[in-house]
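**Q** Structure file final-v8.csv, CSV, N, CA and C atoms and all ligand atoms, is pasted below:
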```
chain,number,residue,atom,x,y,z
I,1,MET,N,121.5,-37.9,-10.4
I,1,MET,CA,121.8,-38.9,-11.4
I,1,MET,C,122.0,-38.3,-12.8
I,2,LYS,N,123.1,-38.7,-13.4
I,2,LYS,CA,123.4,-38.2,-14.8
I,2,LYS,C,122.5,-39.0,-15.8
I,3,GLU,N,121.8,-38.2,-16.6
I,3,GLU,CA,121.0,-38.9,-17.6
I,3,GLU,C,121.7,-39.0,-18.9
I,4,ASN,N,121.5,-40.0,-19.7
I,4,ASN,CA,122.0,-40.1,-21.1
I,4,ASN,C,121.0,-39.4,-22.0
I,5,ILE,N,121.4,-39.3,-23.3
I,5,ILE,CA,120.6,-38.5,-24.2
I,5,ILE,C,119.2,-39.2,-24.4
I,6,VAL,N,119.2,-40.5,-24.4
I,6,VAL,CA,117.9,-41.2,-24.7
I,6,VAL,C,116.9,-40.9,-23.6
I,7,THR,N,117.3,-41.1,-22.3
I,7,THR,CA,116.4,-40.8,-21.2
I,7,THR,C,116.0,-39.3,-21.2
I,8,SER,N,116.9,-38.4,-21.6
I,8,SER,CA,116.6,-37.0,-21.6
I,8,SER,C,115.6,-36.7,-22.7
I,9,ILE,N,115.7,-37.4,-23.8
I,9,ILE,CA,114.7,-37.2,-24.9
I,9,ILE,C,113.3,-37.7,-24.4
I,10,ILE,N,113.3,-38.9,-23.9
I,10,ILE,CA,112.1,-39.5,-23.5
I,10,ILE,C,111.4,-38.7,-22.3
I,11,LYS,N,112.2,-38.2,-21.4
I,11,LYS,CA,111.7,-37.4,-20.3
I,11,LYS,C,111.4,-36.0,-20.7
I,12,GLN,N,111.8,-35.6,-21.9
I,12,GLN,CA,111.6,-34.3,-22.5
I,12,GLN,C,112.2,-33.2,-21.6
I,13,ASN,N,113.5,-33.4,-21.3
I,13,ASN,CA,114.3,-32.5,-20.5
I,13,ASN,C,115.1,-31.6,-21.4
I,14,CYS,N,115.6,-30.6,-20.8
I,14,CYS,CA,116.5,-29.6,-21.5
I,14,CYS,C,117.7,-30.4,-22.1
I,15,PRO,N,118.0,-30.1,-23.4
I,15,PRO,CA,119.1,-30.8,-24.0
I,15,PRO,C,120.5,-30.4,-23.5
I,16,LYS,N,120.6,-29.2,-22.9
I,16,LYS,CA,121.9,-28.6,-22.5
I,16,LYS,C,122.3,-29.1,-21.1
I,17,CYS,N,121.3,-29.1,-20.2
I,17,CYS,CA,121.7,-29.6,-18.8
I,17,CYS,C,121.0,-30.9,-18.5
I,18,ARG,N,120.0,-31.3,-19.2
I,18,ARG,CA,119.2,-32.5,-19.0
I,18,ARG,C,118.5,-32.5,-17.7
I,19,LYS,N,118.2,-31.3,-17.2
I,19,LYS,CA,117.4,-31.3,-15.9
I,19,LYS,C,116.1,-30.5,-16.0
I,20,GLY,N,116.1,-29.4,-16.7
I,20,GLY,CA,114.9,-28.6,-16.8
I,20,GLY,C,113.9,-29.2,-17.8
I,21,LYS,N,112.7,-28.9,-17.6
I,21,LYS,CA,111.6,-29.4,-18.4
I,21,LYS,C,111.4,-28.6,-19.7
I,22,LEU,N,111.2,-29.3,-20.8
I,22,LEU,CA,110.9,-28.6,-22.1
I,22,LEU,C,109.4,-28.1,-22.1
I,23,PHE,N,108.5,-28.9,-21.6
I,23,PHE,CA,107.1,-28.6,-21.7
I,23,PHE,C,106.5,-28.1,-20.4
I,24,SER,N,105.6,-27.2,-20.4
I,24,SER,CA,105.1,-26.6,-19.2
I,24,SER,C,103.8,-27.3,-18.7
I,25,SER,N,103.2,-28.1,-19.5
I,25,SER,CA,101.9,-28.7,-19.1
I,25,SER,C,102.0,-30.2,-19.3
I,26,SER,N,100.9,-30.9,-18.8
I,26,SER,CA,100.8,-32.3,-18.9
I,26,SER,C,100.6,-32.8,-20.3
I,27,LEU,N,101.1,-34.0,-20.6
I,27,LEU,CA,100.9,-34.6,-21.9
I,27,LEU,C,99.4,-34.9,-22.2
I,28,PHE,N,98.6,-35.1,-21.1
I,28,PHE,CA,97.2,-35.5,-21.3
I,28,PHE,C,96.3,-34.3,-21.3
I,29,ASN,N,96.8,-33.1,-21.1
I,29,ASN,CA,96.0,-31.9,-21.2
I,29,ASN,C,95.9,-31.5,-22.7
I,30,LEU,N,94.7,-31.8,-23.3
I,30,LEU,CA,94.6,-31.6,-24.8
I,30,LEU,C,94.6,-30.1,-25.2
I,31,LYS,N,94.3,-29.2,-24.3
I,31,LYS,CA,94.3,-27.8,-24.6
I,31,LYS,C,95.7,-27.2,-24.6
I,32,SER,N,96.6,-27.8,-23.8
I,32,SER,CA,97.9,-27.1,-23.7
I,32,SER,C,99.1,-28.1,-23.7
I,33,PHE,N,98.9,-29.3,-24.3
I,33,PHE,CA,100.0,-30.2,-24.3
I,33,PHE,C,101.2,-29.7,-25.1
I,34,HIS,N,100.9,-28.8,-26.0
I,34,HIS,CA,102.0,-28.3,-26.9
I,34,HIS,C,102.8,-27.2,-26.4
I,35,LYS,N,102.4,-26.6,-25.2
I,35,LYS,CA,103.0,-25.4,-24.7
I,35,LYS,C,104.4,-25.8,-24.1
I,36,MET,N,105.4,-25.0,-24.5
I,36,MET,CA,106.7,-25.3,-24.0
I,36,MET,C,107.2,-24.1,-23.2
I,37,ASN,N,108.1,-24.4,-22.3
I,37,ASN,CA,108.7,-23.3,-21.5
I,37,ASN,C,109.6,-22.5,-22.5
I,38,ASP,N,109.7,-21.2,-22.2
I,38,ASP,CA,110.5,-20.3,-23.0
I,38,ASP,C,112.0,-20.6,-22.8
I,39,LYS,N,112.4,-20.8,-21.6
I,39,LYS,CA,113.8,-21.1,-21.2
I,39,LYS,C,113.8,-22.2,-20.2
I,40,CYS,N,115.0,-22.8,-20.1
I,40,CYS,CA,115.2,-23.8,-19.1
I,40,CYS,C,115.2,-23.2,-17.7
I,41,ASP,N,114.5,-23.8,-16.8
I,41,ASP,CA,114.5,-23.4,-15.4
I,41,ASP,C,115.9,-23.5,-14.7
I,42,ASN,N,116.6,-24.5,-15.2
I,42,ASN,CA,117.9,-24.8,-14.5
I,42,ASN,C,119.1,-24.0,-15.1
I,43,CYS,N,119.2,-24.0,-16.4
I,43,CYS,CA,120.4,-23.4,-17.1
I,43,CYS,C,120.1,-22.2,-17.9
I,44,GLY,N,118.9,-21.9,-18.2
I,44,GLY,CA,118.5,-20.7,-18.9
I,44,GLY,C,118.6,-20.9,-20.5
I,45,GLN,N,118.8,-22.1,-20.9
I,45,GLN,CA,118.8,-22.4,-22.4
I,45,GLN,C,117.5,-22.0,-23.0
I,46,ASP,N,117.6,-21.2,-24.1
I,46,ASP,CA,116.4,-20.8,-24.8
I,46,ASP,C,115.8,-22.0,-25.6
I,47,PHE,N,114.6,-22.3,-25.5
I,47,PHE,CA,114.0,-23.4,-26.2
I,47,PHE,C,113.4,-23.0,-27.5
I,48,ASN,N,113.3,-21.7,-27.8
I,48,ASN,CA,112.9,-21.3,-29.1
I,48,ASN,C,114.1,-20.6,-29.8
I,49,LEU,N,114.9,-21.5,-30.4
I,49,LEU,CA,116.2,-21.0,-30.9
I,49,LEU,C,116.0,-20.0,-32.0
I,50,GLU,N,115.0,-20.1,-32.9
I,50,GLU,CA,114.7,-19.1,-33.9
I,50,GLU,C,113.3,-19.3,-34.4
I,51,PRO,N,112.7,-18.3,-35.1
I,51,PRO,CA,111.3,-18.5,-35.5
I,51,PRO,C,111.2,-19.7,-36.5
I,52,GLY,N,110.2,-20.5,-36.2
I,52,GLY,CA,110.0,-21.7,-37.1
I,52,GLY,C,111.0,-22.8,-36.7
I,53,PHE,N,111.7,-22.8,-35.6
I,53,PHE,CA,112.7,-23.8,-35.3
I,53,PHE,C,112.1,-25.2,-35.3
I,54,TYR,N,110.9,-25.3,-34.8
I,54,TYR,CA,110.3,-26.7,-34.7
I,54,TYR,C,109.7,-27.3,-36.0
I,55,MET,N,109.9,-26.5,-37.1
I,55,MET,CA,109.4,-27.1,-38.4
I,55,MET,C,110.2,-28.4,-38.6
I,56,GLY,N,111.4,-28.4,-38.2
I,56,GLY,CA,112.2,-29.7,-38.4
I,56,GLY,C,111.7,-30.8,-37.7
I,57,ALA,N,111.0,-30.6,-36.6
I,57,ALA,CA,110.4,-31.7,-35.8
I,57,ALA,C,109.3,-32.4,-36.6
I,58,MET,N,108.8,-31.8,-37.6
I,58,MET,CA,107.8,-32.4,-38.4
I,58,MET,C,108.3,-33.7,-39.1
I,59,TYR,N,109.6,-33.6,-39.5
I,59,TYR,CA,110.2,-34.7,-40.2
I,59,TYR,C,110.4,-35.9,-39.2
I,60,ILE,N,110.7,-35.6,-38.0
I,60,ILE,CA,110.8,-36.6,-36.9
I,60,ILE,C,109.5,-37.2,-36.7
I,61,SER,N,108.5,-36.3,-36.6
I,61,SER,CA,107.1,-36.8,-36.4
I,61,SER,C,106.6,-37.7,-37.5
I,62,TYR,N,107.0,-37.3,-38.7
I,62,TYR,CA,106.6,-38.1,-39.9
I,62,TYR,C,107.3,-39.5,-39.8
I,63,ALA,N,108.5,-39.6,-39.4
I,63,ALA,CA,109.2,-40.8,-39.2
I,63,ALA,C,108.6,-41.7,-38.2
I,64,PHE,N,108.1,-41.1,-37.0
I,64,PHE,CA,107.4,-41.9,-36.0
I,64,PHE,C,106.1,-42.5,-36.6
I,65,GLN,N,105.4,-41.6,-37.3
I,65,GLN,CA,104.1,-42.1,-37.8
I,65,GLN,C,104.3,-43.2,-38.9
I,66,VAL,N,105.3,-43.0,-39.7
I,66,VAL,CA,105.6,-44.1,-40.7
I,66,VAL,C,106.0,-45.4,-40.0
I,67,ALA,N,106.7,-45.3,-38.9
I,67,ALA,CA,107.0,-46.5,-38.1
I,67,ALA,C,105.8,-47.1,-37.5
I,68,ILE,N,104.8,-46.3,-37.1
I,68,ILE,CA,103.6,-46.9,-36.6
I,68,ILE,C,102.8,-47.7,-37.7
I,69,VAL,N,102.8,-47.0,-38.9
I,69,VAL,CA,102.1,-47.6,-40.1
I,69,VAL,C,102.8,-48.9,-40.5
I,70,VAL,N,104.1,-48.9,-40.6
I,70,VAL,CA,104.8,-50.0,-41.1
I,70,VAL,C,104.7,-51.1,-40.0
I,71,GLY,N,104.9,-50.7,-38.8
I,71,GLY,CA,104.8,-51.7,-37.7
I,71,GLY,C,103.5,-52.4,-37.6
I,72,THR,N,102.4,-51.6,-37.9
I,72,THR,CA,101.1,-52.2,-37.9
I,72,THR,C,100.9,-53.1,-39.1
I,73,LEU,N,101.4,-52.7,-40.2
I,73,LEU,CA,101.4,-53.6,-41.4
I,73,LEU,C,102.1,-54.9,-41.2
I,74,VAL,N,103.3,-54.8,-40.6
I,74,VAL,CA,104.0,-56.1,-40.4
I,74,VAL,C,103.3,-56.9,-39.3
I,75,GLY,N,102.9,-56.3,-38.3
I,75,GLY,CA,102.1,-57.0,-37.2
I,75,GLY,C,100.9,-57.7,-37.8
I,76,ALA,N,100.2,-57.0,-38.6
I,76,ALA,CA,99.0,-57.6,-39.2
I,76,ALA,C,99.3,-58.8,-40.1
I,77,ALA,N,100.4,-58.6,-40.9
I,77,ALA,CA,100.8,-59.7,-41.8
I,77,ALA,C,101.3,-60.9,-41.1
I,78,VAL,N,101.9,-60.7,-39.9
I,78,VAL,CA,102.4,-61.8,-39.1
I,78,VAL,C,101.3,-62.5,-38.3
I,79,PHE,N,100.5,-61.7,-37.6
I,79,PHE,CA,99.6,-62.2,-36.7
I,79,PHE,C,98.2,-62.5,-37.2
I,80,ASN,N,97.8,-61.7,-38.2
I,80,ASN,CA,96.5,-61.8,-38.8
I,80,ASN,C,96.5,-61.4,-40.2
I,81,PRO,N,96.9,-62.3,-41.1
I,81,PRO,CA,97.0,-62.0,-42.6
I,81,PRO,C,95.7,-61.8,-43.2
I,82,GLU,N,94.6,-62.2,-42.6
I,82,GLU,CA,93.3,-62.1,-43.1
I,82,GLU,C,92.7,-60.7,-42.9
I,83,LEU,N,93.4,-59.9,-42.1
I,83,LEU,CA,92.8,-58.6,-41.8
I,83,LEU,C,92.5,-57.7,-43.0
I,84,SER,N,91.3,-57.2,-43.1
I,84,SER,CA,91.0,-56.4,-44.3
I,84,SER,C,91.7,-55.0,-44.3
I,85,PHE,N,91.7,-54.4,-45.4
I,85,PHE,CA,92.3,-53.1,-45.6
I,85,PHE,C,91.6,-52.0,-44.7
I,86,GLN,N,90.3,-52.1,-44.6
I,86,GLN,CA,89.5,-51.1,-43.8
I,86,GLN,C,89.9,-51.3,-42.3
I,87,SER,N,90.0,-52.5,-41.9
I,87,SER,CA,90.3,-52.8,-40.5
I,87,SER,C,91.7,-52.3,-40.2
I,88,HIS,N,92.6,-52.5,-41.2
I,88,HIS,CA,94.0,-52.0,-41.0
I,88,HIS,C,94.0,-50.4,-40.9
I,89,LEU,N,93.2,-49.8,-41.7
I,89,LEU,CA,93.1,-48.3,-41.7
I,89,LEU,C,92.6,-47.8,-40.3
I,90,ILE,N,91.6,-48.5,-39.8
I,90,ILE,CA,91.0,-48.2,-38.5
I,90,ILE,C,92.0,-48.3,-37.4
I,91,ILE,N,92.7,-49.4,-37.4
I,91,ILE,CA,93.8,-49.6,-36.4
I,91,ILE,C,94.9,-48.6,-36.5
I,92,VAL,N,95.3,-48.3,-37.7
I,92,VAL,CA,96.4,-47.3,-37.9
I,92,VAL,C,95.9,-45.9,-37.5
I,93,GLY,N,94.7,-45.6,-37.9
I,93,GLY,CA,94.1,-44.3,-37.5
I,93,GLY,C,94.0,-44.1,-36.0
I,94,THR,N,93.5,-45.2,-35.4
I,94,THR,CA,93.3,-45.1,-33.9
I,94,THR,C,94.7,-45.0,-33.2
I,95,LEU,N,95.7,-45.7,-33.7
I,95,LEU,CA,97.0,-45.6,-33.1
I,95,LEU,C,97.6,-44.3,-33.3
I,96,VAL,N,97.6,-43.7,-34.5
I,96,VAL,CA,98.2,-42.4,-34.8
I,96,VAL,C,97.5,-41.3,-34.0
I,97,LEU,N,96.1,-41.4,-33.9
I,97,LEU,CA,95.4,-40.4,-33.1
I,97,LEU,C,95.7,-40.6,-31.6
I,98,SER,N,95.8,-41.8,-31.1
I,98,SER,CA,96.0,-42.0,-29.7
I,98,SER,C,97.4,-41.5,-29.3
I,99,PHE,N,98.4,-41.7,-30.2
I,99,PHE,CA,99.7,-41.3,-29.8
I,99,PHE,C,100.1,-39.9,-30.3
I,100,PHE,N,99.1,-39.1,-30.8
I,100,PHE,CA,99.4,-37.8,-31.4
I,100,PHE,C,100.2,-36.9,-30.5
I,101,THR,N,99.7,-36.8,-29.2
I,101,THR,CA,100.3,-35.8,-28.3
I,101,THR,C,101.7,-36.3,-27.9
I,102,SER,N,101.9,-37.6,-27.8
I,102,SER,CA,103.2,-38.2,-27.4
I,102,SER,C,104.2,-38.0,-28.6
I,103,ILE,N,103.7,-38.2,-29.8
I,103,ILE,CA,104.6,-38.1,-31.0
I,103,ILE,C,105.0,-36.6,-31.2
I,104,PHE,N,104.0,-35.8,-31.0
I,104,PHE,CA,104.3,-34.3,-31.1
I,104,PHE,C,105.4,-33.9,-30.2
I,105,ARG,N,105.2,-34.2,-28.9
I,105,ARG,CA,106.2,-33.8,-27.9
I,105,ARG,C,107.6,-34.5,-28.1
I,106,LEU,N,107.5,-35.8,-28.3
I,106,LEU,CA,108.7,-36.6,-28.5
I,106,LEU,C,109.5,-36.0,-29.7
I,107,SER,N,108.8,-35.7,-30.8
I,107,SER,CA,109.5,-35.2,-32.0
I,107,SER,C,110.2,-33.9,-31.7
I,108,ARG,N,109.5,-33.0,-31.0
I,108,ARG,CA,110.2,-31.7,-30.6
I,108,ARG,C,111.4,-32.0,-29.7
I,109,SER,N,111.2,-32.9,-28.8
I,109,SER,CA,112.4,-33.3,-27.9
I,109,SER,C,113.5,-33.8,-28.7
I,110,VAL,N,113.3,-34.7,-29.6
I,110,VAL,CA,114.4,-35.2,-30.5
I,110,VAL,C,115.0,-34.1,-31.2
I,111,TRP,N,114.2,-33.2,-31.8
I,111,TRP,CA,114.7,-32.2,-32.7
I,111,TRP,C,115.7,-31.2,-31.9
I,112,ILE,N,115.2,-30.8,-30.7
I,112,ILE,CA,116.1,-29.9,-29.9
I,112,ILE,C,117.3,-30.6,-29.4
I,113,HIS,N,117.2,-31.9,-29.2
I,113,HIS,CA,118.4,-32.6,-28.7
I,113,HIS,C,119.4,-32.8,-29.9
I,114,ILE,N,118.9,-32.8,-31.1
I,114,ILE,CA,119.8,-32.8,-32.2
I,114,ILE,C,120.6,-31.5,-32.4
I,115,CYS,N,119.9,-30.4,-32.1
I,115,CYS,CA,120.4,-29.1,-32.4
I,115,CYS,C,121.1,-28.4,-31.3
I,116,VAL,N,120.9,-28.8,-30.0
I,116,VAL,CA,121.6,-28.2,-28.9
I,116,VAL,C,122.5,-29.3,-28.2
I,117,ARG,N,123.7,-28.9,-28.0
I,117,ARG,CA,124.7,-29.8,-27.4
I,117,ARG,C,124.6,-29.8,-25.9
I,118,PHE,N,124.8,-31.0,-25.3
I,118,PHE,CA,124.9,-31.2,-23.9
I,118,PHE,C,126.1,-30.6,-23.3
I,119,GLU,N,126.0,-29.9,-22.2
I,119,GLU,CA,127.2,-29.3,-21.6
I,119,GLU,C,127.3,-29.9,-20.2
I,120,GLU,N,128.3,-30.7,-20.0
I,120,GLU,CA,128.4,-31.5,-18.7
I,120,GLU,C,128.6,-30.5,-17.5
I,121,ALA,N,129.4,-29.4,-17.8
I,121,ALA,CA,129.8,-28.5,-16.7
I,121,ALA,C,128.5,-27.9,-16.0
I,122,ILE,N,127.4,-27.8,-16.8
I,122,ILE,CA,126.2,-27.1,-16.2
I,122,ILE,C,125.6,-28.0,-15.2
I,123,THR,N,125.6,-29.4,-15.4
I,123,THR,CA,124.9,-30.3,-14.5
I,123,THR,C,125.6,-30.4,-13.2
I,124,SER,N,126.9,-30.3,-13.1
I,124,SER,CA,127.6,-30.5,-11.8
I,124,SER,C,127.6,-29.3,-10.9
G,201,ZN,ZN,118.8,-26.6,-19.0
```
Give the structure from this file in structure tokens form.
Ligand SMILES: [Zn+2]
**A**
Amino acid sequence: MKENIVTSIIKQNCPKCRKGKLFSSSLFNLKSFHKMNDKCDNCGQDFNLEPGFYMGAMYISYAFQVAIVVGTLVGAAVFNPELSFQSHLIIVGTLVLSFFTSIFRLSRSVWIHICVRFEEAITS
């Protein structure tokens, strides 16, 4: 099945062939959730394009975290306007910490999908 770019980003697959896996370990393994494969198992695409390549993923990560904060603010304003500032901070902190590994990996996946083009010939 041919994947589009959104499913490839969410599944954290290789941006070039959209089949190989970017990460070598489970999302829930807190000791190694950040470890990436060096190259794609399917097409050989290098996942470390240059030293410090994933610094750009920090901006993507920042955008995701701002979305969580703003989403929580809007949700609190709509559903519970009486919520105190401290309660809001606890909710935001819990959400950001809970989704830290997901945001980390998703940000890297988005970043490499921005920088590496899909090549359809490789998938067929
Ligand atoms: Zn690949």
**Q** I need the residues in chain I that are alpha helix (DSSP H) according to DSSP; give them as a PyMOL selection string.
**A** chain I and resi 5-11+57-79+85-98+100-115+120-123
**Q** Quick one: of I:Val116, I:Ala77, I:Val6, I:Leu106, who's nearest to Ile60 of chain I, counting only C-alpha atoms?
**A** I:Leu106
**Q** Have a look at I:Asn42, I:Asn37, I:Gln12, I:Asn4 and name the one nearest to ligand ZN 201 (chain G); count only C-alpha atoms and all ligand atoms.
**A**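 Among the listed residues, I:Asn42 lies closest to ligand ZN 201 (chain G).
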**Q** Can I get the residues of chain I within 6.5 Å of ligand ZN 201 (chain G), each with the closest pair of atoms and their distance in Å to one decimal, using all atoms listed in the file, sorted chain first then ascending number, as JSON lines?
**A**
```
{"residue": "I:Cys14", "atom": "CA", "partner": "G:ZN201", "partner_atom": "ZN", "distance": 4.5}
{"residue": "I:Pro15", "atom": "N", "partner": "G:ZN201", "partner_atom": "ZN", "distance": 5.7}
{"residue": "I:Lys16", "atom": "C", "partner": "G:ZN201", "partner_atom": "ZN", "distance": 4.8}
{"residue": "I:Cys17", "atom": "N", "partner": "G:ZN201", "partner_atom": "ZN", "distance": 3.7}
{"residue": "I:Arg18", "atom": "N", "partner": "G:ZN201", "partner_atom": "ZN", "distance": 4.9}
{"residue": "I:Lys19", "atom": "N", "partner": "G:ZN201", "partner_atom": "ZN", "distance": 5.1}
{"residue": "I:Gly20", "atom": "N", "partner": "G:ZN201", "partner_atom": "ZN", "distance": 4.5}
{"residue": "I:Cys40", "atom": "CA", "partner": "G:ZN201", "partner_atom": "ZN", "distance": 4.6}
{"residue": "I:Asp41", "atom": "N", "partner": "G:ZN201", "partner_atom": "ZN", "distance": 5.6}
{"residue": "I:Asn42", "atom": "C", "partner": "G:ZN201", "partner_atom": "ZN", "distance": 4.7}
{"residue": "I:Cys43", "atom": "N", "partner": "G:ZN201", "partner_atom": "ZN", "distance": 3.7}
{"residue": "I:Gly44", "atom": "N", "partner": "G:ZN201", "partner_atom": "ZN", "distance": 4.8}
{"residue": "I:Gln45", "atom": "N", "partner": "G:ZN201", "partner_atom": "ZN", "distance": 4.9}
```
**Q** Pick out the closest residue to Ile68 of chain I from this set: I:Glu120, I:Thr7, I:Ile112, I:Ile103. Count only C-alpha atoms.
**A**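 Smallest separation from Ile68 of chain I among the options: I:Ile103.
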